[in-house]
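Visitor: What follows is a single structure, and I will ask about it in a moment.
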Amino acid sequence: METALRRVPENIPSDFVKIRIENSHLTELPRGSFLGVGALEFLWLNFNNITVMNMKSLEGLSNLTELRLQGNKLSSVPWTAFHDTPNLRILDLKHNRLDVLPENALRHLPGLTYLDLSFNKLTVISRDVFLNWPLYQGPERHGKREDGAANVVLALHDNPWLCDCRLKGFVEFIRSVSPPIILMNSYLTCSGPGVRAGKFFHEVEIKTCAKPVATAPLTNITRPLGVNVTLTCVISGRPDPVVQWTYGLKIIRGFTESQTQVDEDTFKSELVIPSLHLADRGVYTCAANNFIGNSSSSILVNIKAPNSSSPLSPSFPLASAEENVYIDIRIAKQTVYGITLEWYAVTENPAETWYTIHFGKFEAARKELIYIGPGINSYSVTDLLPVTKYEVCVTLKNQAPRSGQCVVFMTGSDISELEQREKLIHIIVIVCAMVLAVPAGMYACTTETRFRCLDRCAEACKRRRSTQKNPKPGERQGTFDSLQAGSDEGLCRDSNEDRRTRRRSEDKTTRAKTDQRNAAELY
């Protein structure tokens, strides 16, 4: 009691009948934890920190009749482990973190007289969990007592039961339960959803689950430029479906979407398009799904031509080919597994400008598209693969990437120490940036740079790491200072051609800004 054992002691005498280890910081029950104690009948392991229980942890305990695991941190139990305890009568699992009870969980517990699952995190379980119990496998089932059958005390209270259609069968089972099952507390309480929170099982009527149905009151909307447009979709289904709005087969991110409950089984989803632009025209789809099925409804958004009540012709361009082409993009932050991208665009209305991020492996023909709403100028990408060349571009919505709107970078080697790996990612990217002399703050190579230089940068970094393992006296390590020195030494030696490339890039940027000023004056 109250010791720092941390693991089950070894060499326990084989004739022990009762073992009690509590408040002793046990964290797991490995295979054969009590294999040599074949006489064991009572095992109490309450109030430890047990999070993992091996499926053969009870191996050799055929005489065990009582197992208490109260107050641990088990989020799941390997129920097949009880195949090794055919004489188990008492199983206490209260005050754990169990959130799932499989339908065959009680199959190997035919002789239980006490099962306590109270104070866990169970939200939805099937009544088949109990109907599949060997206790119910005789000719008399569904709460009917069999001759000679012992009563079983069952504790299920103080779980966050979610009383939607998925719990219908279980609620009906609890209402009709009778010996040999006896509930320790028959007043089970709903934690949700909505108005059912706080109600007892016997106070709620639960309907059968139903596939979602999504409908749009207006399927064709025409509005003038610059106005806010609200798209409405009405969804019904049980349980409540998950709703996603898509535009051009891509999930929309950055829009303002709200949901309002209409009645118990119906709610309304509204998507707001602020300050309607030409690029916003098209088909928007509201998709709803739950575990029963899915449904969708589409809405066509048109733009009213100036001084006319009719929508613009489909041949009208979605966006000007030269509209706001100057976008300054940089990688602002790098972590072990990802980057944070920031950009700045010279536009007439920055707070109303939409963007599209094109991201993927450099050689990939198709990139992932992410739509970013107004007022957002950063985006984070995670789960990058090691030793991989990526390209990320930022454009105005629906425009294809252009010169100067993309960044190419390469991740480092995948090694075990995270801090070391992070350093490698920084080294490769920063060396490239210094050698190629891209704009200050941009920690990557732009698409205007020849990629053979990028490859040579990576090779140079590998050679630098190998020399750092056995540095010569007076030689600097792989710091930012030494990286600058490496760039001065000329990892990419075609400096004249690089200067011509940079000059052409600067000329393009200058022409883009001049064109914008001229356009603004004409406007």
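By order in the structure tokens, chains are A, B, ...; within a chain, residues start at 1; ligands start at 1, following the order shown.
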Mind running stretch 233-295 of chain A against stretch 193-213 of chain A at 7 Å and telling me each contacting residue's nearest atom pair with the distance in Å (one decimal), counting only C-alpha atoms, chain and number ascending, as a tab-separated table?
Guide:
residue	atom	partner	partner_atom	distance
A:Ile235	CA	A:Val213	CA	5.6
A:Ser236	CA	A:Val213	CA	5.3
A:Gly237	CA	A:Pro212	CA	4.2
A:Arg238	CA	A:Cys209	CA	4.8
A:Pro239	CA	A:Cys209	CA	6.3
A:Pro241	CA	A:Pro212	CA	6.4
A:Ala288	CA	A:Pro212	CA	6.3
A:Asn289	CA	A:Pro212	CA	6.1
A:Asn290	CA	A:Pro212	CA	6.9
A:Ile292	CA	A:Lys211	CA	5.2
A:Gly293	CA	A:Lys211	CA	5.2
A:Asn294	CA	A:Pro212	CA	5.6
A:Ser295	CA	A:Val213	CA	5.4
Visitor: Let me see the file: selected residues, N, CA and C atoms, as a PDB file, in the first residue's frame.
Guide:
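Produced file out_5.pdb, reproduced below:
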ATOM      1  N   ILE A 235     -31.037  20.445 -42.945  1.00  0.00           N
ATOM      2  CA  ILE A 235     -30.590  19.055 -42.802  1.00  0.00           C
ATOM      3  C   ILE A 235     -31.386  18.365 -41.711  1.00  0.00           C
ATOM      4  N   SER A 236     -31.808  17.151 -41.999  1.00  0.00           N
ATOM      5  CA  SER A 236     -32.446  16.306 -40.995  1.00  0.00           C
ATOM      6  C   SER A 236     -31.760  14.954 -40.995  1.00  0.00           C
ATOM      7  N   GLY A 237     -31.836  14.265 -39.877  1.00  0.00           N
ATOM      8  CA  GLY A 237     -31.214  12.951 -39.769  1.00  0.00           C
ATOM      9  C   GLY A 237     -30.990  12.590 -38.311  1.00  0.00           C
ATOM     10  N   ARG A 238     -30.824  11.293 -38.042  1.00  0.00           N
ATOM     11  CA  ARG A 238     -30.563  10.797 -36.692  1.00  0.00           C
ATOM     12  C   ARG A 238     -29.476   9.727 -36.758  1.00  0.00           C
ATOM     13  N   PRO A 239     -28.375   9.910 -36.015  1.00  0.00           N
ATOM     14  CA  PRO A 239     -28.024  11.060 -35.171  1.00  0.00           C
ATOM     15  C   PRO A 239     -27.686  12.283 -36.020  1.00  0.00           C
ATOM     16  N   PRO A 241     -26.288  14.773 -38.347  1.00  0.00           N
ATOM     17  CA  PRO A 241     -25.230  14.611 -39.351  1.00  0.00           C
ATOM     18  C   PRO A 241     -24.145  15.671 -39.201  1.00  0.00           C
ATOM     19  N   ALA A 288     -24.162  16.344 -46.045  1.00  0.00           N
ATOM     20  CA  ALA A 288     -24.422  15.903 -44.674  1.00  0.00           C
ATOM     21  C   ALA A 288     -24.228  14.391 -44.597  1.00  0.00           C
ATOM     22  N   ASN A 289     -23.587  13.923 -43.539  1.00  0.00           N
ATOM     23  CA  ASN A 289     -23.401  12.480 -43.390  1.00  0.00           C
ATOM     24  C   ASN A 289     -23.384  12.077 -41.927  1.00  0.00           C
ATOM     25  N   ASN A 290     -23.924  10.901 -41.674  1.00  0.00           N
ATOM     26  CA  ASN A 290     -23.771  10.221 -40.389  1.00  0.00           C
ATOM     27  C   ASN A 290     -23.471   8.746 -40.675  1.00  0.00           C
ATOM     28  N   ILE A 292     -25.243   6.257 -40.896  1.00  0.00           N
ATOM     29  CA  ILE A 292     -26.259   5.566 -41.697  1.00  0.00           C
ATOM     30  C   ILE A 292     -26.051   5.836 -43.181  1.00  0.00           C
ATOM     31  N   GLY A 293     -25.682   7.056 -43.536  1.00  0.00           N
ATOM     32  CA  GLY A 293     -25.534   7.390 -44.956  1.00  0.00           C
ATOM     33  C   GLY A 293     -25.201   8.861 -45.134  1.00  0.00           C
ATOM     34  N   ASN A 294     -25.455   9.377 -46.336  1.00  0.00           N
ATOM     35  CA  ASN A 294     -25.142  10.774 -46.621  1.00  0.00           C
ATOM     36  C   ASN A 294     -26.136  11.335 -47.630  1.00  0.00           C
ATOM     37  N   SER A 295     -26.163  12.655 -47.713  1.00  0.00           N
ATOM     38  CA  SER A 295     -27.046  13.356 -48.636  1.00  0.00           C
ATOM     39  C   SER A 295     -26.418  14.710 -48.943  1.00  0.00           C
TER      40      SER A 295
END
Visitor: Give one line per residue of stretch 155-231 of chain A that approaches stretch 269-287 of chain A to at most 10 Å, naming the two atoms of the closest pair and their distance in Å to one decimal, counting only C-alpha atoms; sort by chain then ascending residue number and deliver it as a Markdown table.
Guide:
| residue | atom | partner | partner_atom | distance |
| --- | --- | --- | --- | --- |
| A:Pro212 | CA | A:Ala287 | CA | 9.3 |
| A:Val213 | CA | A:Ala287 | CA | 9.3 |
| A:Ala214 | CA | A:Ala287 | CA | 7.1 |
| A:Thr215 | CA | A:Cys286 | CA | 8.4 |
| A:Ala216 | CA | A:Cys286 | CA | 8.4 |
| A:Thr219 | CA | A:Val283 | CA | 9.4 |
| A:Asn220 | CA | A:Val283 | CA | 9.2 |
| A:Ile221 | CA | A:Arg281 | CA | 9.9 |
| A:Thr222 | CA | A:Arg281 | CA | 9.3 |
| A:Arg223 | CA | A:Leu276 | CA | 8.0 |
| A:Pro224 | CA | A:Leu276 | CA | 7.5 |
| A:Leu225 | CA | A:Leu276 | CA | 5.2 |
| A:Gly226 | CA | A:Ser275 | CA | 4.2 |
| A:Val227 | CA | A:Ser275 | CA | 4.8 |
| A:Asn228 | CA | A:Pro274 | CA | 4.5 |
| A:Val229 | CA | A:Ile273 | CA | 5.1 |
| A:Thr230 | CA | A:Val272 | CA | 4.5 |
| A:Leu231 | CA | A:Leu271 | CA | 5.0 |
Visitor: Write the residues of the selection above to a file with N, CA and C atoms, as an mmCIF file, in the first residue's frame.
Guide:
data_model
loop_
_atom_site.group_PDB
_atom_site.id
_atom_site.type_symbol
_atom_site.label_atom_id
_atom_site.label_comp_id
_atom_site.auth_asym_id
_atom_site.auth_seq_id
_atom_site.Cartn_x
_atom_site.Cartn_y
_atom_site.Cartn_z
ATOM 1 N N PRO A 212 -29.354 10.938 -43.373
ATOM 2 C CA PRO A 212 -29.525 12.384 -43.524
ATOM 3 C C PRO A 212 -30.280 12.748 -44.799
ATOM 4 N N VAL A 213 -30.984 13.877 -44.742
ATOM 5 C CA VAL A 213 -31.629 14.465 -45.914
ATOM 6 C C VAL A 213 -31.260 15.945 -45.924
ATOM 7 N N ALA A 214 -30.588 16.371 -46.984
ATOM 8 C CA ALA A 214 -30.168 17.774 -47.119
ATOM 9 C C ALA A 214 -30.950 18.430 -48.256
ATOM 10 N N THR A 215 -31.542 19.574 -47.975
ATOM 11 C CA THR A 215 -32.307 20.307 -48.992
ATOM 12 C C THR A 215 -31.938 21.786 -48.915
ATOM 13 N N ALA A 216 -32.051 22.470 -50.049
ATOM 14 C CA ALA A 216 -31.770 23.908 -50.113
ATOM 15 C C ALA A 216 -33.027 24.644 -50.527
ATOM 16 N N THR A 219 -32.022 27.093 -54.794
ATOM 17 C CA THR A 219 -30.945 26.371 -55.468
ATOM 18 C C THR A 219 -30.278 27.195 -56.569
ATOM 19 N N ASN A 220 -30.822 28.405 -56.833
ATOM 20 C CA ASN A 220 -30.240 29.277 -57.857
ATOM 21 C C ASN A 220 -30.327 30.714 -57.342
ATOM 22 N N ILE A 221 -29.157 31.300 -57.059
ATOM 23 C CA ILE A 221 -29.115 32.634 -56.457
ATOM 24 C C ILE A 221 -28.322 33.575 -57.358
ATOM 25 N N THR A 222 -28.902 34.747 -57.656
ATOM 26 C CA THR A 222 -28.209 35.769 -58.449
ATOM 27 C C THR A 222 -28.156 37.060 -57.641
ATOM 28 N N ARG A 223 -26.943 37.560 -57.408
ATOM 29 C CA ARG A 223 -26.761 38.766 -56.605
ATOM 30 C C ARG A 223 -25.749 39.684 -57.291
ATOM 31 N N PRO A 224 -25.806 40.993 -57.020
ATOM 32 C CA PRO A 224 -24.813 41.926 -57.591
ATOM 33 C C PRO A 224 -23.472 41.802 -56.885
ATOM 34 N N LEU A 225 -22.453 42.315 -57.523
ATOM 35 C CA LEU A 225 -21.120 42.300 -56.949
ATOM 36 C C LEU A 225 -21.072 43.104 -55.649
ATOM 37 N N GLY A 226 -20.271 42.636 -54.694
ATOM 38 C CA GLY A 226 -20.011 43.391 -53.483
ATOM 39 C C GLY A 226 -20.950 43.152 -52.335
ATOM 40 N N VAL A 227 -22.055 42.422 -52.540
ATOM 41 C CA VAL A 227 -22.995 42.176 -51.453
ATOM 42 C C VAL A 227 -22.625 40.878 -50.728
ATOM 43 N N ASN A 228 -23.081 40.766 -49.495
ATOM 44 C CA ASN A 228 -22.912 39.513 -48.759
ATOM 45 C C ASN A 228 -24.008 38.543 -49.176
ATOM 46 N N VAL A 229 -23.630 37.284 -49.401
ATOM 47 C CA VAL A 229 -24.580 36.265 -49.840
ATOM 48 C C VAL A 229 -24.626 35.154 -48.798
ATOM 49 N N THR A 230 -25.827 34.782 -48.392
ATOM 50 C CA THR A 230 -26.008 33.699 -47.428
ATOM 51 C C THR A 230 -26.647 32.496 -48.122
ATOM 52 N N LEU A 231 -25.960 31.367 -48.082
ATOM 53 C CA LEU A 231 -26.474 30.114 -48.639
ATOM 54 C C LEU A 231 -27.055 29.289 -47.501
#
Visitor: For A:Phe170, which of A:Ala365, A:Ile329, A:Val8, A:Val129 is the closest residue, counting only C-alpha atoms?
Guide: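 Using only C-alpha atoms, the shortest distance to A:Phe170 belongs to A:Val129.
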Visitor: For A:Lys361, list every protein, DNA or RNA residue within 8 Å, evaluated using only C-alpha atoms, and leave out those in the same chain fewer than 6 positions away; present the list as a list of chain:residue names.
Guide: A:Lys367, A:Thr388, A:Lys389, A:Tyr390, A:Glu391
Visitor: With N, CA, C and O atoms retained, could you export that selection as a PDB file, in the first residue's frame?
Guide:
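What follows is the written file selection-v4.pdb:
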ATOM      1  N   LYS A 367      -1.831  19.434 -57.225  1.00  0.00           N
ATOM      2  CA  LYS A 367      -1.568  19.873 -55.861  1.00  0.00           C
ATOM      3  C   LYS A 367      -2.878  19.966 -55.083  1.00  0.00           C
ATOM      4  O   LYS A 367      -3.959  20.135 -55.661  1.00  0.00           O
ATOM      5  N   THR A 388      12.154  15.184 -48.773  1.00  0.00           N
ATOM      6  CA  THR A 388      11.153  15.359 -49.829  1.00  0.00           C
ATOM      7  C   THR A 388      11.125  16.815 -50.266  1.00  0.00           C
ATOM      8  O   THR A 388      11.184  17.728 -49.453  1.00  0.00           O
ATOM      9  N   LYS A 389      11.038  17.013 -51.583  1.00  0.00           N
ATOM     10  CA  LYS A 389      10.953  18.360 -52.143  1.00  0.00           C
ATOM     11  C   LYS A 389       9.479  18.736 -52.307  1.00  0.00           C
ATOM     12  O   LYS A 389       8.706  18.006 -52.919  1.00  0.00           O
ATOM     13  N   TYR A 390       9.087  19.862 -51.730  1.00  0.00           N
ATOM     14  CA  TYR A 390       7.709  20.336 -51.781  1.00  0.00           C
ATOM     15  C   TYR A 390       7.629  21.679 -52.512  1.00  0.00           C
ATOM     16  O   TYR A 390       8.605  22.427 -52.559  1.00  0.00           O
ATOM     17  N   GLU A 391       6.443  21.955 -53.040  1.00  0.00           N
ATOM     18  CA  GLU A 391       6.167  23.262 -53.630  1.00  0.00           C
ATOM     19  C   GLU A 391       4.860  23.775 -53.048  1.00  0.00           C
ATOM     20  O   GLU A 391       3.874  23.043 -52.936  1.00  0.00           O
TER      21      GLU A 391
END
Visitor: Within stretch 156-258 of chain A, find each residue whose DSSP state, derived from the backbone, is alpha helix (DSSP H), and express the selection as a VMD selection string.
Guide: chain A and resid 168 to 176
Visitor: Please list as a VMD selection string every residue within 7 Å of A:Ile339, counting only C-alpha atoms and excluding residues in the same chain fewer than 2 positions away.
Guide: chain A and resid 331 333 to 335 341 380 to 382
Visitor: Neighbours of A:Leu167 within 10 Å (only C-alpha atoms; same-chain residues fewer than 2 positions away dropped), as a list of chain:residue names?
Guide: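 Final neighbour list, sorted by chain and number: A:Thr123, A:Val124, A:Ile125, A:Ser126, A:Arg127, A:Trp161, A:Leu162, A:Cys163, A:Asp164, A:Cys165, A:Gly169, A:Phe170, A:Val171, A:Glu172, A:Phe173, A:Ile206, A:Lys207, A:Thr208, A:Cys209.
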Visitor: Go through A:Asn48, A:Asn87, A:Thr189, A:Ser76 one by one, measure the shortest atom-to-atom distance of each to A:Leu26 using only C-alpha atoms, and give the residue with the smallest value.
Guide: A:Asn48
Visitor: Find the residues around A:Ala400 up to 10 Å (only C-alpha atoms counted), leave out those fewer than 6 positions away in its own chain, and share them as an mmCIF file with N, CA and C atoms, in the first residue's frame.
Guide:
data_model
loop_
_atom_site.group_PDB
_atom_site.id
_atom_site.type_symbol
_atom_site.label_atom_id
_atom_site.label_comp_id
_atom_site.auth_asym_id
_atom_site.auth_seq_id
_atom_site.Cartn_x
_atom_site.Cartn_y
_atom_site.Cartn_z
ATOM 1 N N ALA A 321 -6.810 38.209 -65.741
ATOM 2 C CA ALA A 321 -5.543 37.484 -65.813
ATOM 3 C C ALA A 321 -4.416 38.267 -65.165
ATOM 4 N N THR A 356 -6.074 31.077 -52.831
ATOM 5 C CA THR A 356 -6.007 29.628 -52.973
ATOM 6 C C THR A 356 -4.568 29.190 -52.735
ATOM 7 N N HIS A 358 -1.880 26.258 -53.177
ATOM 8 C CA HIS A 358 -1.588 25.046 -53.945
ATOM 9 C C HIS A 358 -0.395 24.378 -53.265
ATOM 10 N N CYS A 393 2.275 27.301 -53.313
ATOM 11 C CA CYS A 393 1.999 28.544 -54.034
ATOM 12 C C CYS A 393 0.778 29.221 -53.412
ATOM 13 N N VAL A 394 0.751 30.535 -53.472
ATOM 14 C CA VAL A 394 -0.404 31.316 -53.031
ATOM 15 C C VAL A 394 -0.862 32.178 -54.192
#
Visitor: For atom CA of A:Thr260 and atom CA of A:Asp240, determine how far apart the two atoms are, in Å to one decimal place.
Guide: 12.3 Å
Visitor: Of the candidates A:Asp328, A:Trp245, A:Leu300, A:Glu2, which one gets nearest to A:Tyr371 if we count only C-alpha atoms?
Guide: A:Trp245
Visitor: Distance atom CA of A:Gly375-atom CA of A:Ile357, one decimal place?
Guide: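 Between atom CA of A:Gly375 and atom CA of A:Ile357 the gap works out to 14.6 Å.
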Visitor: As a ChimeraX atom specification, please: the residues near A:Ser62 (cut-off 9 Å, only C-alpha atoms, same-chain neighbours under 4 positions excluded).
Guide: /A:38-41,58,84-88
Visitor: So how far away is atom CA of A:Asn377 from atom CA of A:Lys397, in Å?
Guide: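 We find that atom CA of A:Lys397 and atom CA of A:Asn377 lie 13.3 Å from each other.
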Visitor: Could you pull out all residues of stretch 223-412 of chain A with a DSSP call of strand (DSSP E) and give them as a PyMOL selection string?
Guide: chain A and resi 223+229-238+242-247+250-251+256-263+266-273+282-289+294-303+327-334+339-345+355-361+368-372+378-381+389-396+406-410
Visitor: What does the file look like for those residues with C-alpha atoms, as a tab-separated table (two decimals), in the first residue's frame?
Guide:
chain	number	residue	atom	x	y	z
A	223	ARG	CA	-26.76	38.77	-56.61
A	229	VAL	CA	-24.58	36.26	-49.84
A	230	THR	CA	-26.01	33.70	-47.43
A	231	LEU	CA	-26.47	30.11	-48.64
A	232	THR	CA	-28.97	28.05	-46.65
A	233	CYS	CA	-29.19	24.27	-46.30
A	234	VAL	CA	-31.76	22.42	-44.17
A	235	ILE	CA	-30.59	19.06	-42.80
A	236	SER	CA	-32.45	16.31	-41.00
A	237	GLY	CA	-31.21	12.95	-39.77
A	238	ARG	CA	-30.56	10.80	-36.69
A	242	VAL	CA	-21.89	16.31	-39.86
A	243	VAL	CA	-22.14	19.08	-42.48
A	244	GLN	CA	-19.46	20.22	-44.92
A	245	TRP	CA	-19.71	22.89	-47.58
A	246	THR	CA	-17.69	22.39	-50.76
A	247	TYR	CA	-16.92	24.53	-53.77
A	250	LYS	CA	-12.86	21.09	-52.39
A	251	ILE	CA	-13.73	21.58	-48.73
A	256	THR	CA	-18.32	31.76	-41.87
A	257	GLU	CA	-20.68	28.81	-41.30
A	258	SER	CA	-23.34	28.68	-38.59
A	259	GLN	CA	-25.95	26.15	-37.54
A	260	THR	CA	-29.37	26.73	-35.99
A	261	GLN	CA	-31.61	24.05	-34.50
A	262	VAL	CA	-35.07	23.97	-36.11
A	263	ASP	CA	-36.55	21.04	-34.19
A	266	THR	CA	-33.68	19.19	-38.05
A	267	PHE	CA	-31.20	22.04	-38.16
A	268	LYS	CA	-30.24	24.77	-40.60
A	269	SER	CA	-26.70	25.41	-41.88
A	270	GLU	CA	-25.88	28.84	-43.32
A	271	LEU	CA	-22.74	29.74	-45.27
A	272	VAL	CA	-21.88	33.44	-45.69
A	273	ILE	CA	-19.91	34.64	-48.73
A	282	GLY	CA	-20.20	28.72	-59.20
A	283	VAL	CA	-21.83	25.69	-57.58
A	284	TYR	CA	-21.69	25.28	-53.80
A	285	THR	CA	-22.61	21.92	-52.27
A	286	CYS	CA	-23.92	21.22	-48.78
A	287	ALA	CA	-23.08	17.62	-47.81
A	288	ALA	CA	-24.42	15.90	-44.67
A	289	ASN	CA	-23.40	12.48	-43.39
A	294	ASN	CA	-25.14	10.77	-46.62
A	295	SER	CA	-27.05	13.36	-48.64
A	296	SER	CA	-26.18	16.58	-50.46
A	297	SER	CA	-27.79	19.60	-52.07
A	298	SER	CA	-26.24	22.11	-54.50
A	299	ILE	CA	-26.73	25.84	-54.89
A	300	LEU	CA	-25.73	27.79	-58.01
A	301	VAL	CA	-24.44	31.31	-57.32
A	302	ASN	CA	-24.58	33.79	-60.21
A	303	ILE	CA	-23.52	37.43	-60.39
A	327	ILE	CA	2.13	38.29	-53.78
A	328	ASP	CA	5.10	38.25	-51.41
A	329	ILE	CA	5.29	34.75	-49.92
A	330	ARG	CA	7.64	33.38	-47.28
A	331	ILE	CA	8.06	30.49	-44.86
A	332	ALA	CA	7.77	32.26	-41.51
A	333	LYS	CA	8.22	29.30	-39.18
A	334	GLN	CA	9.62	25.78	-39.35
A	339	ILE	CA	6.02	24.89	-41.80
A	340	THR	CA	3.96	28.03	-41.37
A	341	LEU	CA	3.43	30.04	-44.54
A	342	GLU	CA	2.83	33.79	-44.60
A	343	TRP	CA	2.09	36.06	-47.54
A	344	TYR	CA	1.44	39.69	-48.35
A	345	ALA	CA	-0.52	40.82	-51.40
A	355	TYR	CA	-6.71	33.16	-51.83
A	356	THR	CA	-6.01	29.63	-52.97
A	357	ILE	CA	-3.05	27.66	-51.60
A	358	HIS	CA	-1.59	25.05	-53.95
A	359	PHE	CA	0.47	22.57	-51.93
A	360	GLY	CA	2.09	19.22	-52.68
A	361	LYS	CA	5.23	17.38	-53.66
A	368	GLU	CA	-3.94	20.05	-52.91
A	369	LEU	CA	-6.09	23.19	-53.04
A	370	ILE	CA	-7.00	25.06	-49.86
A	371	TYR	CA	-9.32	28.07	-50.06
A	372	ILE	CA	-8.51	30.85	-47.59
A	378	SER	CA	-0.98	32.57	-42.90
A	379	TYR	CA	-1.41	28.81	-43.13
A	380	SER	CA	0.36	25.88	-41.42
A	381	VAL	CA	1.28	22.60	-43.09
A	389	LYS	CA	10.95	18.36	-52.14
A	390	TYR	CA	7.71	20.34	-51.78
A	391	GLU	CA	6.17	23.26	-53.63
A	392	VAL	CA	3.64	25.67	-52.13
A	393	CYS	CA	2.00	28.54	-54.03
A	394	VAL	CA	-0.40	31.32	-53.03
A	395	THR	CA	-2.68	32.80	-55.69
A	396	LEU	CA	-5.86	34.80	-55.90
A	406	CYS	CA	5.55	29.82	-55.25
A	407	VAL	CA	8.17	28.55	-52.83
A	408	VAL	CA	10.06	25.28	-53.15
A	409	PHE	CA	11.72	23.70	-50.11
A	410	MET	CA	13.24	20.39	-49.11
